[in-house]
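Student: If it helps, the file is called start07.cif and holds mmCIF, C-alpha atoms; chains and numbers go by the auth columns:
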```cif
data_work
#
loop_
_atom_site.group_PDB
_atom_site.id
_atom_site.type_symbol
_atom_site.label_atom_id
_atom_site.label_comp_id
_atom_site.label_asym_id
_atom_site.label_seq_id
_atom_site.Cartn_x
_atom_site.Cartn_y
_atom_site.Cartn_z
_atom_site.B_iso_or_equiv
_atom_site.auth_seq_id
_atom_site.auth_asym_id
ATOM 1 C CA MET A 1 72.835 -163.189 115.325 0.00 445 A
ATOM 2 C CA HIS A 2 74.858 -165.763 117.241 0.00 446 A
ATOM 3 C CA GLU A 3 73.431 -166.783 120.649 0.00 447 A
ATOM 4 C CA GLN A 4 76.411 -165.373 122.551 0.00 448 A
ATOM 5 C CA GLU A 5 76.140 -162.047 120.702 0.00 449 A
ATOM 6 C CA THR A 6 72.425 -161.944 121.537 0.00 450 A
ATOM 7 C CA CYS A 7 73.182 -162.480 125.236 0.00 451 A
ATOM 8 C CA VAL A 8 75.732 -159.668 125.207 0.00 452 A
ATOM 9 C CA ALA A 9 73.294 -157.335 123.425 0.00 453 A
ATOM 10 C CA VAL A 10 70.473 -158.140 125.845 0.00 454 A
ATOM 11 C CA ARG A 11 72.757 -157.710 128.859 0.00 455 A
ATOM 12 C CA ASP A 12 73.938 -154.359 127.515 0.00 456 A
ATOM 13 C CA VAL A 13 70.395 -153.032 127.088 0.00 457 A
ATOM 14 C CA LEU A 14 69.159 -154.443 130.401 0.00 458 A
ATOM 15 C CA SER A 15 72.031 -152.815 132.252 0.00 459 A
ATOM 16 C CA ARG A 16 70.565 -149.465 131.199 0.00 460 A
ATOM 17 C CA VAL A 17 66.819 -149.997 131.356 0.00 461 A
ATOM 18 C CA GLY A 18 66.834 -152.517 134.176 0.00 462 A
ATOM 19 C CA ASP A 19 68.347 -150.423 136.926 0.00 463 A
ATOM 20 C CA LYS A 20 65.951 -148.958 139.469 0.00 464 A
ATOM 21 C CA TRP A 21 66.631 -145.306 138.662 0.00 465 A
ATOM 22 C CA SER A 22 66.060 -145.705 134.919 0.00 466 A
ATOM 23 C CA VAL A 23 62.809 -147.556 135.545 0.00 467 A
ATOM 24 C CA LEU A 24 61.621 -144.763 137.852 0.00 468 A
ATOM 25 C CA VAL A 25 62.648 -141.982 135.450 0.00 469 A
ATOM 26 C CA VAL A 26 60.920 -143.666 132.504 0.00 470 A
ATOM 27 C CA SER A 27 57.755 -144.176 134.521 0.00 471 A
ATOM 28 C CA MET A 28 57.790 -140.553 135.768 0.00 472 A
ATOM 29 C CA LEU A 29 58.061 -139.235 132.201 0.00 473 A
ATOM 30 C CA ARG A 30 55.110 -141.291 130.932 0.00 474 A
ATOM 31 C CA ASP A 31 52.573 -138.425 131.019 0.00 475 A
ATOM 32 C CA ARG A 32 54.586 -135.339 130.133 0.00 476 A
ATOM 33 C CA PRO A 33 58.053 -133.821 129.956 0.00 477 A
ATOM 34 C CA LEU A 34 59.536 -132.851 133.306 0.00 478 A
ATOM 35 C CA ARG A 35 62.296 -130.555 134.458 0.00 479 A
ATOM 36 C CA PHE A 36 65.307 -131.925 136.298 0.00 480 A
ATOM 37 C CA SER A 37 64.124 -130.405 139.577 0.00 481 A
ATOM 38 C CA GLU A 38 60.660 -131.975 139.186 0.00 482 A
ATOM 39 C CA LEU A 39 62.208 -135.400 138.639 0.00 483 A
ATOM 40 C CA ARG A 40 64.537 -134.961 141.612 0.00 484 A
ATOM 41 C CA ARG A 41 61.664 -133.985 143.923 0.00 485 A
ATOM 42 C CA THR A 42 59.470 -136.823 142.731 0.00 486 A
ATOM 43 C CA ILE A 43 61.995 -139.686 142.822 0.00 487 A
ATOM 44 C CA GLU A 44 62.669 -140.313 146.475 0.00 488 A
ATOM 45 C CA GLY A 45 66.244 -141.156 147.379 0.00 489 A
ATOM 46 C CA ILE A 46 67.954 -140.233 144.108 0.00 490 A
ATOM 47 C CA SER A 47 70.947 -137.929 144.352 0.00 491 A
ATOM 48 C CA GLN A 48 71.543 -135.086 141.928 0.00 492 A
ATOM 49 C CA ARG A 49 74.576 -136.898 140.524 0.00 493 A
ATOM 50 C CA MET A 50 72.712 -140.209 140.051 0.00 494 A
ATOM 51 C CA LEU A 51 69.796 -138.444 138.339 0.00 495 A
ATOM 52 C CA THR A 52 72.247 -136.663 136.036 0.00 496 A
ATOM 53 C CA LEU A 53 74.003 -139.924 135.155 0.00 497 A
ATOM 54 C CA THR A 54 70.700 -141.748 134.645 0.00 498 A
ATOM 55 C CA LEU A 55 69.296 -139.047 132.357 0.00 499 A
ATOM 56 C CA ARG A 56 72.529 -138.909 130.332 0.00 500 A
ATOM 57 C CA GLY A 57 72.503 -142.675 129.884 0.00 501 A
ATOM 58 C CA LEU A 58 68.853 -142.710 128.842 0.00 502 A
ATOM 59 C CA GLU A 59 69.524 -139.847 126.423 0.00 503 A
ATOM 60 C CA ARG A 60 72.575 -141.625 124.995 0.00 504 A
ATOM 61 C CA ASP A 61 70.472 -144.746 124.381 0.00 505 A
ATOM 62 C CA GLY A 62 67.800 -142.709 122.592 0.00 506 A
ATOM 63 C CA LEU A 63 65.139 -143.225 125.252 0.00 507 A
ATOM 64 C CA VAL A 64 64.955 -139.664 126.592 0.00 508 A
ATOM 65 C CA ALA A 65 65.241 -136.327 124.803 0.00 509 A
ATOM 66 C CA ARG A 66 66.706 -133.263 126.511 0.00 510 A
ATOM 67 C CA THR A 67 65.328 -129.902 125.376 0.00 511 A
ATOM 68 C CA VAL A 68 66.924 -126.619 126.404 0.00 512 A
ATOM 69 C CA THR A 69 64.775 -123.485 126.161 0.00 513 A
ATOM 70 C CA PRO A 70 66.920 -120.318 126.007 0.00 514 A
ATOM 71 C CA THR A 71 65.444 -118.380 128.902 0.00 515 A
ATOM 72 C CA VAL A 72 67.143 -116.838 131.921 0.00 516 A
ATOM 73 C CA PRO A 73 67.904 -119.189 133.579 0.00 517 A
ATOM 74 C CA PRO A 74 67.767 -121.790 130.804 0.00 518 A
ATOM 75 C CA ARG A 75 64.879 -124.233 131.075 0.00 519 A
ATOM 76 C CA VAL A 76 65.774 -127.893 130.523 0.00 520 A
ATOM 77 C CA ASP A 77 63.025 -130.451 129.998 0.00 521 A
ATOM 78 C CA TYR A 78 63.276 -134.213 129.669 0.00 522 A
ATOM 79 C CA ALA A 79 60.780 -136.285 127.706 0.00 523 A
ATOM 80 C CA LEU A 80 60.489 -139.833 126.483 0.00 524 A
ATOM 81 C CA THR A 81 61.318 -140.361 122.825 0.00 525 A
ATOM 82 C CA ASP A 82 59.228 -142.644 120.633 0.00 526 A
ATOM 83 C CA LEU A 83 61.692 -145.417 121.456 0.00 527 A
ATOM 84 C CA GLY A 84 61.421 -144.588 125.165 0.00 528 A
ATOM 85 C CA ARG A 85 57.628 -144.838 124.961 0.00 529 A
ATOM 86 C CA THR A 86 57.963 -148.426 123.732 0.00 530 A
ATOM 87 C CA LEU A 87 59.580 -149.185 127.086 0.00 531 A
ATOM 88 C CA LEU A 88 56.549 -147.983 129.073 0.00 532 A
ATOM 89 C CA ASP A 89 54.442 -151.146 128.769 0.00 533 A
ATOM 90 C CA PRO A 90 57.149 -153.504 130.060 0.00 534 A
ATOM 91 C CA VAL A 91 58.252 -151.066 132.793 0.00 535 A
ATOM 92 C CA LEU A 92 54.720 -150.399 134.011 0.00 536 A
ATOM 93 C CA ALA A 93 53.894 -154.115 133.861 0.00 537 A
ATOM 94 C CA LEU A 94 56.958 -154.869 135.987 0.00 538 A
ATOM 95 C CA ALA A 95 56.001 -152.141 138.468 0.00 539 A
ATOM 96 C CA ALA A 96 52.444 -153.506 138.697 0.00 540 A
ATOM 97 C CA TRP A 97 53.766 -157.028 139.190 0.00 541 A
ATOM 98 C CA ALA A 98 56.133 -155.873 141.963 0.00 542 A
ATOM 99 C CA ASP A 99 53.348 -153.956 143.680 0.00 543 A
ATOM 100 C CA GLY A 100 50.913 -156.860 143.394 0.00 544 A
ATOM 101 C CA HIS A 101 53.385 -159.397 144.784 0.00 545 A
ATOM 102 C CA ARG A 102 55.297 -157.370 147.373 0.00 546 A
ATOM 103 C CA GLY A 103 53.531 -159.094 150.279 0.00 547 A
ATOM 104 C CA GLU A 104 54.366 -162.551 148.939 0.00 548 A
ATOM 105 C CA ILE A 105 57.967 -161.535 148.344 0.00 549 A
ATOM 106 C CA ALA A 106 58.271 -160.084 151.858 0.00 550 A
ATOM 107 C CA ARG A 107 56.897 -163.323 153.344 0.00 551 A
ATOM 108 C CA ALA A 108 59.250 -165.442 151.222 0.00 552 A
ATOM 109 C CA ARG A 109 62.207 -163.351 152.382 0.00 553 A
ATOM 110 C CA GLU A 110 61.144 -163.740 156.006 0.00 554 A
ATOM 111 C CA ARG A 111 60.857 -167.540 155.596 0.00 555 A
ATOM 112 C CA PHE A 112 64.245 -167.706 153.915 0.00 556 A
ATOM 113 C CA ASP A 113 65.936 -165.527 156.540 0.00 557 A
ATOM 114 C CA ARG A 114 64.461 -167.631 159.381 0.00 558 A
ATOM 115 C CA LYS A 115 65.619 -170.840 157.704 0.00 559 A
ATOM 116 C CA ASP A 116 69.211 -169.672 157.144 0.00 560 A
ATOM 117 C CA PRO A 117 69.794 -166.412 159.068 0.00 561 A
ATOM 118 C CA GLY A 118 73.599 -166.409 158.797 0.00 562 A
ATOM 119 C CA LYS A 119 73.919 -167.042 155.058 0.00 563 A
ATOM 120 C CA GLN A 120 73.539 -164.149 152.632 0.00 564 A
ATOM 121 C CA ASP A 121 74.640 -163.963 149.000 0.00 565 A
#
```
Take the structure in the file and give it back as structure tokens.
Tutor:
Amino acid sequence: MHEQETCVAVRDVLSRVGDKWSVLVVSMLRDRPLRFSELRRTIEGISQRMLTLTLRGLERDGLVARTVTPTVPPRVDYALTDLGRTLLDPVLALAAWADGHRGEIARARERFDRKDPGKQD
């Protein structure tokens, strides 16, 4: 594959799996399938619409499977696929890294903001 094509492919995949909501959904589904309402309660700050869009995108990419059980009302569960499970190690490693370095990052941000308080990208 040509280098430019590789960059486009990587960017395309990272745009899905690299956003904060996808990372949280994947990590929440690591132990067992969950219902939409369970995910919504567990993931602080996510709106119903954003959770719906995130789950649809993850399903479209083959990372999450949606199972509807014909009950009244219908039960809908979301679970990681085999491909989605391969994403767990990198996602959990990134989460552990962020947690382990959050103090250093906060201090670096404070130093930066003190040095140049008016300039933001």
Student: Rounded to one decimal, what separation in Å do you get between atom CA of Leu536 of chain A and atom CA of Met494 of chain A?
Tutor: 21.5 Å
Student: Determine the residue membership of the PyMOL selection byres ((chain A and resi 518-531) around 9) for the file above and supply it as a list in words.
Tutor: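 In the shown coordinates, the PyMOL selection byres ((chain A and resi 518-531) around 9) covers Val461, Val470, Leu473, Arg474, Arg476, Pro477, Leu478, Arg479, Phe480, Leu499, Leu502, Glu503, Gly506, Leu507, Val508, Ala509, Arg510, Thr511, Val512, Thr513, Pro514, Thr515, Val516, Pro517, Leu532, Asp533, Pro534, Val535 and Leu536 of chain A.
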Student: Report, in Å with one decimal, the straight-line distance from atom CA of Arg504 of chain A to atom CA of Asp543 of chain A.
Tutor: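 It comes out at 29.5 Å.
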Student: Quote the spacing between atom CA of Trp465 of chain A and atom CA of Ile549 of chain A in Å to one decimal place.
Tutor: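 Calculated distance between atom CA of Trp465 of chain A and atom CA of Ile549 of chain A is 20.8 Å.
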Student: Edge lengths and centre, in Å to one decimal, as lines of an AutoDock Vina configuration file: that's what I need for the box along x, y and z that holds all listed atoms of segment 545-562 of chain A plus 6 Å on each side.
Tutor:
```
center_x = 63.5
center_y = -164.1
center_z = 152.1
size_x = 32.2
size_y = 25.5
size_z = 26.6
```
Student: So which one's closest to Ala539 of chain A, A:Lys464, A:Lys559, A:Arg553, A:Arg455? Using all atoms listed in the file, please.
Tutor: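 Selected residue with least distance to Ala539 of chain A: A:Lys464.
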Student: Could you list, as a ChimeraX atom specification, every residue within 10 Å of Leu495 of chain A, counting all atoms listed in the file and ignoring same-chain residues fewer than 2 positions away?
Tutor: /A:465-466,469,480-481,483-484,487,490-493,497-501
Student: With distances taken over all atoms listed in the file, which residue among A:Asp505, A:Glu548, A:Trp541, A:Gly489 lies nearest Asp456 of chain A?
Tutor: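 Result for the nearest residue to Asp456 of chain A: A:Asp505.
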Student: From the options A:His545, A:Ala537, A:Glu482, A:Gln448, which residue's atoms come nearest to Val467 of chain A, counting only C-alpha atoms?
Tutor: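 Looking only at the distances to Val467 of chain A, the closest residue turns out to be A:Ala537.
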